[in-house]
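Undergrad: File target-v5.cif below, mmCIF, C-alpha atoms and all ligand atoms:
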```cif
data_structure
#
loop_
_atom_site.group_PDB
_atom_site.id
_atom_site.type_symbol
_atom_site.label_atom_id
_atom_site.label_comp_id
_atom_site.auth_asym_id
_atom_site.auth_seq_id
_atom_site.Cartn_x
_atom_site.Cartn_y
_atom_site.Cartn_z
ATOM 1 C CA MET A 418 -28.405 18.934 -56.359
ATOM 2 C CA ILE A 419 -30.978 17.509 -58.755
ATOM 3 C CA LYS A 420 -34.662 17.133 -57.799
ATOM 4 C CA THR A 421 -37.057 14.862 -59.630
ATOM 5 C CA SER A 422 -40.313 12.988 -59.286
ATOM 6 C CA SER A 423 -39.551 10.780 -62.307
ATOM 7 C CA ILE A 424 -38.478 7.145 -61.871
ATOM 8 C CA LYS A 425 -36.923 7.187 -65.358
ATOM 9 C CA LYS A 426 -34.786 10.197 -64.534
ATOM 10 C CA VAL A 427 -33.553 8.510 -61.331
ATOM 11 C CA ARG A 428 -32.691 5.357 -63.277
ATOM 12 C CA ASP A 429 -30.835 7.335 -65.970
ATOM 13 C CA LEU A 430 -28.801 9.283 -63.409
ATOM 14 C CA ILE A 431 -27.963 6.155 -61.429
ATOM 15 C CA SER A 432 -26.894 4.173 -64.485
ATOM 16 C CA GLU A 433 -24.541 7.007 -65.382
ATOM 17 C CA GLN A 434 -23.000 6.757 -61.888
ATOM 18 C CA LYS A 435 -22.731 2.973 -62.097
ATOM 19 C CA LYS A 436 -21.073 3.180 -65.533
ATOM 20 C CA ASN A 437 -18.379 5.191 -63.800
ATOM 21 C CA THR A 438 -18.232 2.582 -60.977
ATOM 22 C CA LYS A 439 -19.457 5.113 -58.430
ATOM 23 C CA SER A 440 -21.040 3.837 -55.209
ATOM 24 C CA VAL A 441 -24.589 4.949 -54.472
ATOM 25 C CA GLY A 442 -26.149 5.593 -51.053
ATOM 26 C CA LEU A 443 -29.894 5.947 -50.471
ATOM 27 C CA VAL A 444 -31.557 7.709 -47.536
ATOM 28 C CA PRO A 445 -35.289 6.882 -47.661
ATOM 29 C CA THR A 446 -37.422 9.433 -45.771
ATOM 30 C CA MET A 447 -40.907 10.798 -45.388
ATOM 31 C CA GLY A 448 -39.573 14.359 -45.168
ATOM 32 C CA ALA A 449 -40.059 16.893 -42.319
ATOM 33 C CA PHE A 450 -36.334 16.687 -41.718
ATOM 34 C CA HIS A 451 -34.750 17.086 -38.307
ATOM 35 C CA GLU A 452 -31.174 16.426 -37.213
ATOM 36 C CA GLY A 453 -31.856 12.687 -37.239
ATOM 37 C CA HIS A 454 -32.497 12.756 -40.993
ATOM 38 C CA GLU A 455 -29.556 15.093 -41.471
ATOM 39 C CA SER A 456 -27.266 12.628 -39.673
ATOM 40 C CA LEU A 457 -28.335 9.881 -42.103
ATOM 41 C CA ILE A 458 -27.602 12.083 -45.117
ATOM 42 C CA LYS A 459 -24.215 13.082 -43.652
ATOM 43 C CA LYS A 460 -23.282 9.442 -43.102
ATOM 44 C CA ALA A 461 -24.386 8.518 -46.614
ATOM 45 C CA ARG A 462 -22.290 11.423 -47.941
ATOM 46 C CA LYS A 463 -19.185 10.132 -46.147
ATOM 47 C CA GLU A 464 -19.614 6.555 -47.325
ATOM 48 C CA ASN A 465 -20.732 6.908 -50.971
ATOM 49 C CA ASP A 466 -19.793 8.686 -54.184
ATOM 50 C CA TYR A 467 -23.405 9.572 -54.993
ATOM 51 C CA VAL A 468 -26.154 10.260 -52.444
ATOM 52 C CA VAL A 469 -29.865 9.924 -53.163
ATOM 53 C CA VAL A 470 -32.485 11.101 -50.668
ATOM 54 C CA SER A 471 -36.093 10.060 -51.250
ATOM 55 C CA ILE A 472 -38.974 12.053 -49.802
ATOM 56 C CA PHE A 473 -42.348 10.335 -49.916
ATOM 57 C CA VAL A 474 -45.060 10.253 -47.267
ATOM 58 C CA ASN A 475 -46.081 6.683 -47.901
ATOM 59 C CA PRO A 476 -49.867 6.237 -47.607
ATOM 60 C CA ALA A 477 -49.500 2.435 -47.483
ATOM 61 C CA GLN A 478 -47.870 2.502 -44.047
ATOM 62 C CA PHE A 479 -50.646 4.538 -42.393
ATOM 63 C CA ALA A 480 -53.913 2.919 -41.277
ATOM 64 C CA PRO A 481 -57.106 4.849 -42.125
ATOM 65 C CA ASN A 482 -57.373 6.159 -38.524
ATOM 66 C CA GLU A 483 -53.743 7.361 -38.448
ATOM 67 C CA ASP A 484 -52.072 10.699 -39.173
ATOM 68 C CA TYR A 485 -51.360 10.449 -42.931
ATOM 69 C CA ASN A 486 -53.147 13.726 -43.715
ATOM 70 C CA LEU A 487 -51.666 15.543 -40.731
ATOM 71 C CA TYR A 488 -48.123 14.228 -41.210
ATOM 72 C CA PRO A 489 -45.828 17.295 -41.360
ATOM 73 C CA ARG A 490 -44.678 18.294 -44.836
ATOM 74 C CA ASP A 491 -42.106 21.018 -45.479
ATOM 75 C CA ILE A 492 -40.507 20.366 -48.834
ATOM 76 C CA LYS A 493 -38.749 23.729 -49.099
ATOM 77 C CA SER A 494 -36.883 23.289 -45.835
ATOM 78 C CA ASP A 495 -36.201 19.592 -46.593
ATOM 79 C CA LEU A 496 -34.589 20.437 -49.935
ATOM 80 C CA LEU A 497 -32.360 23.011 -48.297
ATOM 81 C CA LYS A 498 -31.271 20.553 -45.601
ATOM 82 C CA ALA A 499 -30.704 17.780 -48.150
ATOM 83 C CA GLU A 500 -28.491 20.068 -50.206
ATOM 84 C CA ASN A 501 -26.593 21.430 -47.185
ATOM 85 C CA ASN A 502 -25.808 17.904 -46.061
ATOM 86 C CA GLY A 503 -24.475 16.885 -49.443
ATOM 87 C CA ALA A 504 -27.283 15.058 -51.266
ATOM 88 C CA ASP A 505 -26.752 14.774 -55.035
ATOM 89 C CA LEU A 506 -30.291 13.791 -55.962
ATOM 90 C CA VAL A 507 -33.664 14.132 -54.249
ATOM 91 C CA PHE A 508 -36.338 11.753 -55.489
ATOM 92 C CA MET A 509 -39.771 13.036 -54.510
ATOM 93 C CA PRO A 510 -42.378 11.024 -56.369
ATOM 94 C CA ASN A 511 -46.106 11.642 -56.126
ATOM 95 C CA ASP A 512 -48.592 8.986 -55.038
ATOM 96 C CA LYS A 513 -49.600 8.063 -58.620
ATOM 97 C CA VAL A 514 -45.990 7.396 -59.629
ATOM 98 C CA ILE A 515 -45.553 4.967 -56.746
ATOM 99 C CA TYR A 516 -49.057 3.490 -56.537
ATOM 100 C CA PRO A 517 -50.773 3.772 -59.936
ATOM 101 C CA GLU A 518 -54.481 2.927 -60.014
ATOM 102 C CA ASP A 519 -53.987 -0.755 -60.836
ATOM 103 C CA TYR A 520 -51.319 -1.258 -58.140
ATOM 104 C CA SER A 521 -51.658 -4.639 -56.398
ATOM 105 C CA THR A 522 -48.290 -5.962 -55.158
ATOM 106 C CA TYR A 523 -47.150 -5.862 -51.527
ATOM 107 C CA VAL A 524 -44.122 -7.254 -49.708
ATOM 108 C CA THR A 525 -44.506 -8.722 -46.223
ATOM 109 C CA VAL A 526 -41.990 -9.968 -43.698
ATOM 110 C CA GLU A 527 -43.694 -12.501 -41.463
ATOM 111 C CA GLU A 528 -43.417 -13.020 -37.685
ATOM 112 C CA LEU A 529 -40.939 -10.213 -37.007
ATOM 113 C CA THR A 530 -43.747 -7.782 -37.864
ATOM 114 C CA ASP A 531 -46.389 -9.310 -35.549
ATOM 115 C CA LYS A 532 -44.957 -7.876 -32.344
ATOM 116 C CA LEU A 533 -44.170 -4.440 -30.845
ATOM 117 C CA GLU A 534 -45.304 -1.836 -33.423
ATOM 118 C CA GLY A 535 -46.928 -4.528 -35.541
ATOM 119 C CA LYS A 536 -49.376 -5.376 -32.738
ATOM 120 C CA SER A 537 -50.680 -1.811 -32.557
ATOM 121 C CA ARG A 538 -50.319 -1.093 -36.275
ATOM 122 C CA PRO A 539 -51.087 -4.364 -38.095
ATOM 123 C CA SER A 540 -50.726 -3.076 -41.683
ATOM 124 C CA HIS A 541 -47.826 -0.703 -41.020
ATOM 125 C CA PHE A 542 -44.832 -2.880 -41.888
ATOM 126 C CA ARG A 543 -46.427 -4.218 -45.069
ATOM 127 C CA GLY A 544 -46.497 -0.597 -46.221
ATOM 128 C CA VAL A 545 -42.915 0.011 -45.120
ATOM 129 C CA THR A 546 -41.438 -3.107 -46.720
ATOM 130 C CA THR A 547 -43.352 -2.450 -49.937
ATOM 131 C CA ILE A 548 -42.152 1.135 -50.326
ATOM 132 C CA VAL A 549 -38.598 0.262 -49.274
ATOM 133 C CA THR A 550 -38.529 -2.546 -51.863
ATOM 134 C CA LYS A 551 -39.761 -0.154 -54.537
ATOM 135 C CA LEU A 552 -37.180 2.488 -53.592
ATOM 136 C CA LEU A 553 -34.384 -0.098 -53.564
ATOM 137 C CA ASN A 554 -35.521 -1.327 -57.006
ATOM 138 C CA ILE A 555 -35.657 2.195 -58.401
ATOM 139 C CA VAL A 556 -32.392 3.530 -56.945
ATOM 140 C CA THR A 557 -30.409 0.236 -56.745
ATOM 141 C CA PRO A 558 -28.122 1.661 -54.036
ATOM 142 C CA ASP A 559 -25.040 -0.055 -52.624
ATOM 143 C CA ASN A 560 -25.955 1.212 -49.148
ATOM 144 C CA ALA A 561 -29.249 2.332 -47.614
ATOM 145 C CA TYR A 562 -29.487 4.253 -44.344
ATOM 146 C CA PHE A 563 -32.105 3.797 -41.592
ATOM 147 C CA GLY A 564 -32.275 5.260 -38.083
ATOM 148 C CA GLN A 565 -32.286 3.074 -34.984
ATOM 149 C CA LYS A 566 -35.128 5.263 -33.681
ATOM 150 C CA ASP A 567 -37.445 2.880 -35.557
ATOM 151 C CA ALA A 568 -35.566 -0.181 -34.358
ATOM 152 C CA GLN A 569 -38.162 -2.723 -35.445
ATOM 153 C CA GLN A 570 -38.300 -1.149 -38.910
ATOM 154 C CA LEU A 571 -34.513 -1.483 -39.119
ATOM 155 C CA ALA A 572 -34.658 -5.161 -38.085
ATOM 156 C CA VAL A 573 -37.520 -5.873 -40.514
ATOM 157 C CA VAL A 574 -35.780 -4.176 -43.459
ATOM 158 C CA LYS A 575 -32.540 -6.034 -42.706
ATOM 159 C CA ARG A 576 -34.437 -9.326 -42.633
ATOM 160 C CA MET A 577 -36.260 -8.562 -45.887
ATOM 161 C CA VAL A 578 -33.032 -7.704 -47.689
ATOM 162 C CA LYS A 579 -31.404 -10.904 -46.418
ATOM 163 C CA ASP A 580 -34.402 -13.150 -47.149
ATOM 164 C CA LEU A 581 -34.910 -11.748 -50.649
ATOM 165 C CA ASN A 582 -31.168 -11.623 -51.520
ATOM 166 C CA MET A 583 -31.360 -7.933 -52.286
ATOM 167 C CA PRO A 584 -27.897 -6.641 -53.217
ATOM 168 C CA VAL A 585 -27.739 -3.724 -50.771
ATOM 169 C CA LYS A 586 -26.166 -3.124 -47.375
ATOM 170 C CA ILE A 587 -28.609 -1.773 -44.764
ATOM 171 C CA VAL A 588 -26.781 0.644 -42.494
ATOM 172 C CA GLY A 589 -28.332 1.308 -39.072
ATOM 173 C CA CYS A 590 -27.596 4.771 -37.641
ATOM 174 C CA PRO A 591 -27.722 5.964 -34.029
ATOM 175 C CA ILE A 592 -30.691 7.808 -32.525
ATOM 176 C CA ILE A 593 -30.202 11.567 -32.421
ATOM 177 C CA ARG A 594 -31.500 13.187 -29.218
ATOM 178 C CA ASN A 595 -32.070 16.799 -28.224
ATOM 179 C CA GLN A 596 -30.425 18.322 -25.138
ATOM 180 C CA SER A 597 -33.140 16.881 -22.901
ATOM 181 C CA GLY A 598 -32.543 13.391 -24.292
ATOM 182 C CA ILE A 599 -35.730 13.271 -26.381
ATOM 183 C CA ALA A 600 -35.247 11.131 -29.514
ATOM 184 C CA LEU A 601 -35.927 13.475 -32.443
ATOM 185 C CA SER A 602 -39.112 12.706 -34.364
ATOM 186 C CA SER A 603 -41.076 14.466 -37.095
ATOM 187 C CA ARG A 604 -44.152 13.875 -34.919
ATOM 188 C CA HIS A 605 -42.844 16.432 -32.387
ATOM 189 C CA HIS A 606 -44.595 18.962 -34.649
ATOM 190 C CA TYR A 607 -47.801 17.797 -32.957
ATOM 191 C CA LEU A 608 -46.594 18.478 -29.372
ATOM 192 C CA ASN A 609 -46.929 21.706 -27.397
ATOM 193 C CA ARG A 610 -44.298 22.915 -24.936
ATOM 194 C CA THR A 611 -45.798 21.172 -21.915
ATOM 195 C CA GLN A 612 -46.060 17.926 -23.835
ATOM 196 C CA MET A 613 -42.402 18.222 -24.918
ATOM 197 C CA LYS A 614 -41.476 18.529 -21.213
ATOM 198 C CA THR A 615 -43.492 15.417 -20.469
ATOM 199 C CA ALA A 616 -41.695 13.596 -23.307
ATOM 200 C CA VAL A 617 -38.411 13.930 -21.372
ATOM 201 C CA GLY A 618 -39.703 11.065 -19.204
ATOM 202 C CA ILE A 619 -39.422 8.613 -22.085
ATOM 203 C CA TYR A 620 -35.626 8.506 -22.288
ATOM 204 C CA GLU A 621 -35.311 9.039 -18.519
ATOM 205 C CA SER A 622 -37.288 5.823 -18.024
ATOM 206 C CA LEU A 623 -35.119 3.920 -20.507
ATOM 207 C CA LYS A 624 -31.951 5.179 -18.802
ATOM 208 C CA GLU A 625 -33.268 3.869 -15.466
ATOM 209 C CA GLY A 626 -33.870 0.492 -17.103
ATOM 210 C CA VAL A 627 -30.352 0.410 -18.522
ATOM 211 C CA LYS A 628 -28.915 1.388 -15.135
ATOM 212 C CA MET A 629 -30.718 -1.497 -13.425
ATOM 213 C CA ILE A 630 -29.564 -4.052 -15.996
ATOM 214 C CA LYS A 631 -25.978 -2.792 -15.917
ATOM 215 C CA SER A 632 -25.926 -2.986 -12.142
ATOM 216 C CA GLY A 633 -26.919 -6.643 -12.246
ATOM 217 C CA THR A 634 -30.746 -6.857 -12.187
ATOM 218 C CA SER A 635 -31.559 -9.844 -14.344
ATOM 219 C CA ASP A 636 -35.347 -9.889 -13.922
ATOM 220 C CA PHE A 637 -36.797 -7.860 -16.792
ATOM 221 C CA GLY A 638 -40.171 -7.888 -14.987
ATOM 222 C CA ALA A 639 -38.609 -5.718 -12.262
ATOM 223 C CA VAL A 640 -36.896 -3.494 -14.843
ATOM 224 C CA LYS A 641 -40.221 -2.999 -16.639
ATOM 225 C CA GLU A 642 -41.911 -2.004 -13.352
ATOM 226 C CA ARG A 643 -39.245 0.649 -12.793
ATOM 227 C CA ILE A 644 -39.596 1.987 -16.361
ATOM 228 C CA LEU A 645 -43.391 2.196 -15.949
ATOM 229 C CA ASP A 646 -42.926 4.027 -12.609
ATOM 230 C CA VAL A 647 -40.645 6.647 -14.178
ATOM 231 C CA LEU A 648 -43.034 7.169 -17.106
ATOM 232 C CA GLN A 649 -45.956 7.608 -14.735
ATOM 233 C CA ASN A 650 -43.991 10.034 -12.538
ATOM 234 C CA PHE A 651 -43.529 12.201 -15.633
ATOM 235 C CA GLY A 652 -47.286 12.081 -16.241
ATOM 236 C CA ILE A 653 -47.104 9.561 -19.090
ATOM 237 C CA LYS A 654 -50.075 7.320 -18.413
ATOM 238 C CA ARG A 655 -50.931 5.915 -21.826
ATOM 239 C CA ILE A 656 -48.296 3.298 -22.380
ATOM 240 C CA ASP A 657 -48.721 1.060 -25.383
ATOM 241 C CA TYR A 658 -45.861 -1.289 -24.545
ATOM 242 C CA VAL A 659 -42.496 -1.604 -22.832
ATOM 243 C CA GLU A 660 -40.720 -4.670 -24.128
ATOM 244 C CA PHE A 661 -37.405 -6.492 -24.022
ATOM 245 C CA ASN A 662 -36.271 -8.300 -27.165
ATOM 246 C CA LYS A 663 -33.155 -9.844 -28.561
ATOM 247 C CA TRP A 664 -31.518 -7.592 -31.129
ATOM 248 C CA GLU A 665 -31.951 -8.237 -34.157
ATOM 249 C CA SER A 666 -34.152 -11.343 -34.032
ATOM 250 C CA LEU A 667 -36.709 -9.543 -31.808
ATOM 251 C CA GLU A 668 -37.237 -12.737 -29.817
ATOM 252 C CA PRO A 669 -38.844 -11.747 -26.461
ATOM 253 C CA LEU A 670 -36.432 -11.821 -23.493
ATOM 254 C CA ARG A 671 -37.122 -12.248 -19.782
ATOM 255 C CA LYS A 672 -33.502 -11.801 -18.748
ATOM 256 C CA PRO A 673 -30.262 -10.447 -20.236
ATOM 257 C CA GLU A 674 -28.968 -12.387 -23.243
ATOM 258 C CA GLY A 675 -26.677 -10.955 -25.927
ATOM 259 C CA LYS A 676 -27.748 -7.594 -27.288
ATOM 260 C CA VAL A 677 -30.969 -6.412 -25.665
ATOM 261 C CA LEU A 678 -33.439 -4.017 -27.294
ATOM 262 C CA ILE A 679 -35.591 -2.187 -24.747
ATOM 263 C CA SER A 680 -38.322 -0.450 -26.680
ATOM 264 C CA LEU A 681 -41.465 1.402 -25.803
ATOM 265 C CA ALA A 682 -44.370 3.278 -27.335
ATOM 266 C CA VAL A 683 -46.427 5.816 -25.391
ATOM 267 C CA ARG A 684 -49.050 8.413 -26.156
ATOM 268 C CA ILE A 685 -48.715 12.028 -25.133
ATOM 269 C CA GLY A 686 -51.939 13.798 -26.055
ATOM 270 C CA ASN A 687 -52.878 12.246 -29.385
ATOM 271 C CA THR A 688 -49.287 11.669 -30.413
ATOM 272 C CA ARG A 689 -47.752 8.228 -30.323
ATOM 273 C CA LEU A 690 -44.014 8.355 -29.590
ATOM 274 C CA LEU A 691 -41.392 5.608 -29.768
ATOM 275 C CA ASP A 692 -37.978 5.247 -28.247
ATOM 276 C CA ASN A 693 -35.503 2.483 -27.533
ATOM 277 C CA VAL A 694 -32.022 1.565 -26.406
ATOM 278 C CA ILE A 695 -29.865 -1.366 -27.443
ATOM 279 C CA LEU A 696 -27.372 -2.576 -24.872
ATOM 280 C CA ASP A 697 -24.988 -5.456 -24.378
ATOM 281 C CA SER A 698 -26.004 -7.795 -21.580
ATOM 282 C CA PRO A 699 -23.554 -7.450 -18.730
ATOM 283 C CA ARG A 700 -21.266 -10.378 -17.990
ATOM 284 C CA LEU A 701 -22.338 -11.574 -14.541
HETATM 285 O O1 LIG A 801 -38.704 5.731 -41.490
HETATM 286 C C1 LIG A 801 -39.342 6.320 -42.375
HETATM 287 O O2 LIG A 801 -39.290 7.522 -42.527
HETATM 288 C C2 LIG A 801 -40.241 5.499 -43.302
HETATM 289 O O3 LIG A 801 -40.839 4.443 -42.633
HETATM 290 C C3 LIG A 801 -39.516 5.017 -44.569
HETATM 291 C C4 LIG A 801 -38.400 4.049 -44.246
HETATM 292 C C5 LIG A 801 -38.962 6.206 -45.335
HETATM 293 C C6 LIG A 801 -40.511 4.290 -45.480
HETATM 294 O O4 LIG A 801 -41.562 5.116 -45.846
#
```
For this file, write the structure as structure tokens.
Ligand code: PAF

TA:
Amino acid sequence: MIKTSSIKKVRDLISEQKKNTKSVGLVPTMGAFHEGHESLIKKARKENDYVVVSIFVNPAQFAPNEDYNLYPRDIKSDLLKAENNGADLVFMPNDKVIYPEDYSTYVTVEELTDKLEGKSRPSHFRGVTTIVTKLLNIVTPDNAYFGQKDAQQLAVVKRMVKDLNMPVKIVGCPIIRNQSGIALSSRHHYLNRTQMKTAVGIYESLKEGVKMIKSGTSDFGAVKERILDVLQNFGIKRIDYVEFNKWESLEPLRKPEGKVLISLAVRIGNTRLLDNVILDSPRL
């Protein structure tokens, strides 16, 4: 496995692969790998001749009051996991390589980014779509892999790639959960044991919502009430949102219609956690 922080080196290695008509897969990450990241790398390994993993904690997607400085970083362990899961190249640029002093270009996807996460984190997606564009331009992959854990990010990146005719396939990958059903997140580094127990309520609440919809409840207001009840029973009181949207347009839904994204964001201590499920509306 090769490691580099140089854009030129990445380009040279990729053009060598492309000369030999090899397919290239990119797994963009901010490091602090858990099994969720590993599942993306494994999938990329299966589906491509050459696998690039990028590791870059992107300052542009954090607001000044957010956890950019605290964000977990463990490059040694990440490199080991990348290699064990079959990465060929790890691109780990520094801030100056990505955002030189005179940097002034940003990519924004409109509307889709105003809701859900975008409401609480207004500049977040502009940072995500900018870095993803840069990584896609640098690596020029055939396929790029994103987890469904950040469902809105996945929808936004898919829309950007479609709107801007970017020649890459965005591959969405399932959420990886621990034995208690908690969706794995690098931000779990911030939680203590008691808080991890509380976090079990997040997926439990979503499962209750799914159960209600599957058994014929068509009023999402009632489903939301039940989800909020479960969260509160687990001691989760700071709930940013629980929402129902059409997947992948993110149009708000009041009742089942096509594929439904139920997503939520809550705070446990100072840590903001996200989770979601996507389900097919039942035929009634
Ligand atoms: O999901 C992430 O880890 C980040 O938002 C991404 C896509 C690597 C962009 O920085």

Undergrad: Of the candidates A:Arg643, A:Glu665, A:Gly544, A:Arg604, which one gets nearest to Lys575 in chain A if we count all atoms listed in the file?

TA: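 Of all the options, A:Glu665 lies closest to Lys575 in chain A.
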
Undergrad: Need to verify the contact set: range 549-562 of chain A, 9 Å, only C-alpha atoms, exclusion of same-chain residues closer than 4 positions in sequence. Can you return it as a PDB file with C-alpha atoms, in the coordinates of the input?

TA:
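Dumped to around.pdb:
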```
ATOM      1  CA  ILE A 424     -38.478   7.145 -61.871  1.00  0.00           C
ATOM      2  CA  LYS A 425     -36.923   7.187 -65.358  1.00  0.00           C
ATOM      3  CA  VAL A 427     -33.553   8.510 -61.331  1.00  0.00           C
ATOM      4  CA  ARG A 428     -32.691   5.357 -63.277  1.00  0.00           C
ATOM      5  CA  ILE A 431     -27.963   6.155 -61.429  1.00  0.00           C
ATOM      6  CA  SER A 440     -21.040   3.837 -55.209  1.00  0.00           C
ATOM      7  CA  VAL A 441     -24.589   4.949 -54.472  1.00  0.00           C
ATOM      8  CA  GLY A 442     -26.149   5.593 -51.053  1.00  0.00           C
ATOM      9  CA  LEU A 443     -29.894   5.947 -50.471  1.00  0.00           C
ATOM     10  CA  VAL A 444     -31.557   7.709 -47.536  1.00  0.00           C
ATOM     11  CA  PRO A 445     -35.289   6.882 -47.661  1.00  0.00           C
ATOM     12  CA  LEU A 457     -28.335   9.881 -42.103  1.00  0.00           C
ATOM     13  CA  ILE A 458     -27.602  12.083 -45.117  1.00  0.00           C
ATOM     14  CA  LYS A 460     -23.282   9.442 -43.102  1.00  0.00           C
ATOM     15  CA  ALA A 461     -24.386   8.518 -46.614  1.00  0.00           C
ATOM     16  CA  GLU A 464     -19.614   6.555 -47.325  1.00  0.00           C
ATOM     17  CA  ASN A 465     -20.732   6.908 -50.971  1.00  0.00           C
ATOM     18  CA  VAL A 468     -26.154  10.260 -52.444  1.00  0.00           C
ATOM     19  CA  VAL A 469     -29.865   9.924 -53.163  1.00  0.00           C
ATOM     20  CA  SER A 471     -36.093  10.060 -51.250  1.00  0.00           C
ATOM     21  CA  ILE A 515     -45.553   4.967 -56.746  1.00  0.00           C
ATOM     22  CA  VAL A 524     -44.122  -7.254 -49.708  1.00  0.00           C
ATOM     23  CA  GLY A 544     -46.497  -0.597 -46.221  1.00  0.00           C
ATOM     24  CA  VAL A 545     -42.915   0.011 -45.120  1.00  0.00           C
ATOM     25  CA  VAL A 574     -35.780  -4.176 -43.459  1.00  0.00           C
ATOM     26  CA  MET A 577     -36.260  -8.562 -45.887  1.00  0.00           C
ATOM     27  CA  VAL A 578     -33.032  -7.704 -47.689  1.00  0.00           C
ATOM     28  CA  MET A 583     -31.360  -7.933 -52.286  1.00  0.00           C
ATOM     29  CA  PRO A 584     -27.897  -6.641 -53.217  1.00  0.00           C
ATOM     30  CA  VAL A 585     -27.739  -3.724 -50.771  1.00  0.00           C
ATOM     31  CA  LYS A 586     -26.166  -3.124 -47.375  1.00  0.00           C
ATOM     32  CA  ILE A 587     -28.609  -1.773 -44.764  1.00  0.00           C
ATOM     33  CA  VAL A 588     -26.781   0.644 -42.494  1.00  0.00           C
ATOM     34  CA  GLY A 589     -28.332   1.308 -39.072  1.00  0.00           C
ATOM     35  CA  CYS A 590     -27.596   4.771 -37.641  1.00  0.00           C
TER      36      CYS A 590
END
```

Undergrad: Quick one: what's the axis-aligned box for ligand LIG 801 (chain A), all listed atoms, 3 Å on every side, centre and edges in Å to one decimal, as JSON?

TA:
```
{"center_x": -40.0, "center_y": 5.8, "center_z": -43.7, "size_x": 9.2, "size_y": 9.5, "size_z": 10.4}
```

Undergrad: Give me the chain A side of the contact with ligand LIG 801 (chain A), cut-off 7 Å, one line per residue showing its nearest atom pair and distance in Å at one decimal, counting only C-alpha atoms and all ligand atoms, sorted by chain and residue number, as a tab-separated table.

TA:
```
residue	atom	partner	partner_atom	distance
A:Pro445	CA	A:LIG801	C5	4.4
A:Thr446	CA	A:LIG801	C5	3.6
A:Met447	CA	A:LIG801	O2	4.6
A:Phe473	CA	A:LIG801	O4	6.7
A:Val474	CA	A:LIG801	O4	6.4
A:Asn475	CA	A:LIG801	O4	5.2
A:Val545	CA	A:LIG801	C6	4.9
A:Ile548	CA	A:LIG801	C6	6.0
A:Val549	CA	A:LIG801	C6	5.9
A:Phe563	CA	A:LIG801	C4	6.8
A:Asp567	CA	A:LIG801	O1	6.7
```

Undergrad: Produce a file of the selected residues containing C-alpha atoms, as a compact mmCIF listing (two decimals), in the frame of the given file.

TA:
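Okay, this is what ended up in result15.txt:
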```txt
# COMPACT_ATOMS: atom_id res chain seq x y z
CA PRO A 445 -35.29 6.88 -47.66
CA THR A 446 -37.42 9.43 -45.77
CA MET A 447 -40.91 10.80 -45.39
CA PHE A 473 -42.35 10.34 -49.92
CA VAL A 474 -45.06 10.25 -47.27
CA ASN A 475 -46.08 6.68 -47.90
CA VAL A 545 -42.92 0.01 -45.12
CA ILE A 548 -42.15 1.14 -50.33
CA VAL A 549 -38.60 0.26 -49.27
CA PHE A 563 -32.10 3.80 -41.59
CA ASP A 567 -37.44 2.88 -35.56
```

Undergrad: Care to translate the PyMOL selection byres (((chain A and resi 654) around 9) and not hetatm) into actual residues of this file, as an MDAnalysis selection string?

TA: chainID A and resid 645 648:653 655:656 683:685

Undergrad: Would you pick out the contacts of Ser632 in chain A at 12 Å or less, using only C-alpha atoms, so that residues sharing its chain but fewer than 2 positions from it are not included, and give the list as a PDB file with C-alpha atoms, in the frame of the given file?

TA:
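Heads up, here's the output in selection.pdb:
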```pdb
ATOM      1  CA  GLU A 625     -33.268   3.869 -15.466  1.00  0.00           C
ATOM      2  CA  GLY A 626     -33.870   0.492 -17.103  1.00  0.00           C
ATOM      3  CA  VAL A 627     -30.352   0.410 -18.522  1.00  0.00           C
ATOM      4  CA  LYS A 628     -28.915   1.388 -15.135  1.00  0.00           C
ATOM      5  CA  MET A 629     -30.718  -1.497 -13.425  1.00  0.00           C
ATOM      6  CA  ILE A 630     -29.564  -4.052 -15.996  1.00  0.00           C
ATOM      7  CA  THR A 634     -30.746  -6.857 -12.187  1.00  0.00           C
ATOM      8  CA  SER A 635     -31.559  -9.844 -14.344  1.00  0.00           C
ATOM      9  CA  ASP A 636     -35.347  -9.889 -13.922  1.00  0.00           C
ATOM     10  CA  VAL A 640     -36.896  -3.494 -14.843  1.00  0.00           C
ATOM     11  CA  PRO A 673     -30.262 -10.447 -20.236  1.00  0.00           C
ATOM     12  CA  SER A 698     -26.004  -7.795 -21.580  1.00  0.00           C
ATOM     13  CA  PRO A 699     -23.554  -7.450 -18.730  1.00  0.00           C
ATOM     14  CA  ARG A 700     -21.266 -10.378 -17.990  1.00  0.00           C
ATOM     15  CA  LEU A 701     -22.338 -11.574 -14.541  1.00  0.00           C
TER      16      LEU A 701
END
```

Undergrad: For the atom pair CA of Gln570 in chain A and CA of Gly453 in chain A, what is the interatomic distance in Å to one decimal place?

TA: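 One can read the CA of Gln570 in chain A to CA of Gly453 in chain A distance as 15.4 Å.
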
Undergrad: Take the point (-31.9, 13.1, -39.4) in the file's coordinates, draw a sphere of radius 9 Å around it, and report as number ranges by chain every protein, DNA or RNA residue with an atom inside or on it, counting all atoms listed in the file.

TA: A: 450-459, 564, 592-593, 601-602

Undergrad: If I take CA of Val514 in chain A and CA of Glu483 in chain A, how far is one from the other in Å, to one decimal?

TA: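 Atom-to-atom, CA of Val514 in chain A and CA of Glu483 in chain A are spaced 22.6 Å apart.
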
Undergrad: I need the residue nearest Leu670 in chain A from this list: A:Leu497, A:Ala477, A:Lys641, A:Asp491. Use only C-alpha atoms for the distance.

TA: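 Ranked by minimum distance to Leu670 in chain A, first place goes to A:Lys641.
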
Undergrad: Evaluate the PyMOL selection byres (((chain A and resi 605-613) around 10) and not hetatm) and record the selected residues as number ranges by chain, following the chain and residue labels used in the document.

TA: A: 449, 487-489, 597, 599-604, 614-618, 652-653, 685-690

Undergrad: Evaluated on this file, the PyMOL selection byres (((chain A and resi 520-523) around 8) and not hetatm) picks out some residues - which ones are they, written as a ChimeraX atom specification?

TA: /A:516-519,524-525,543-544,546-547
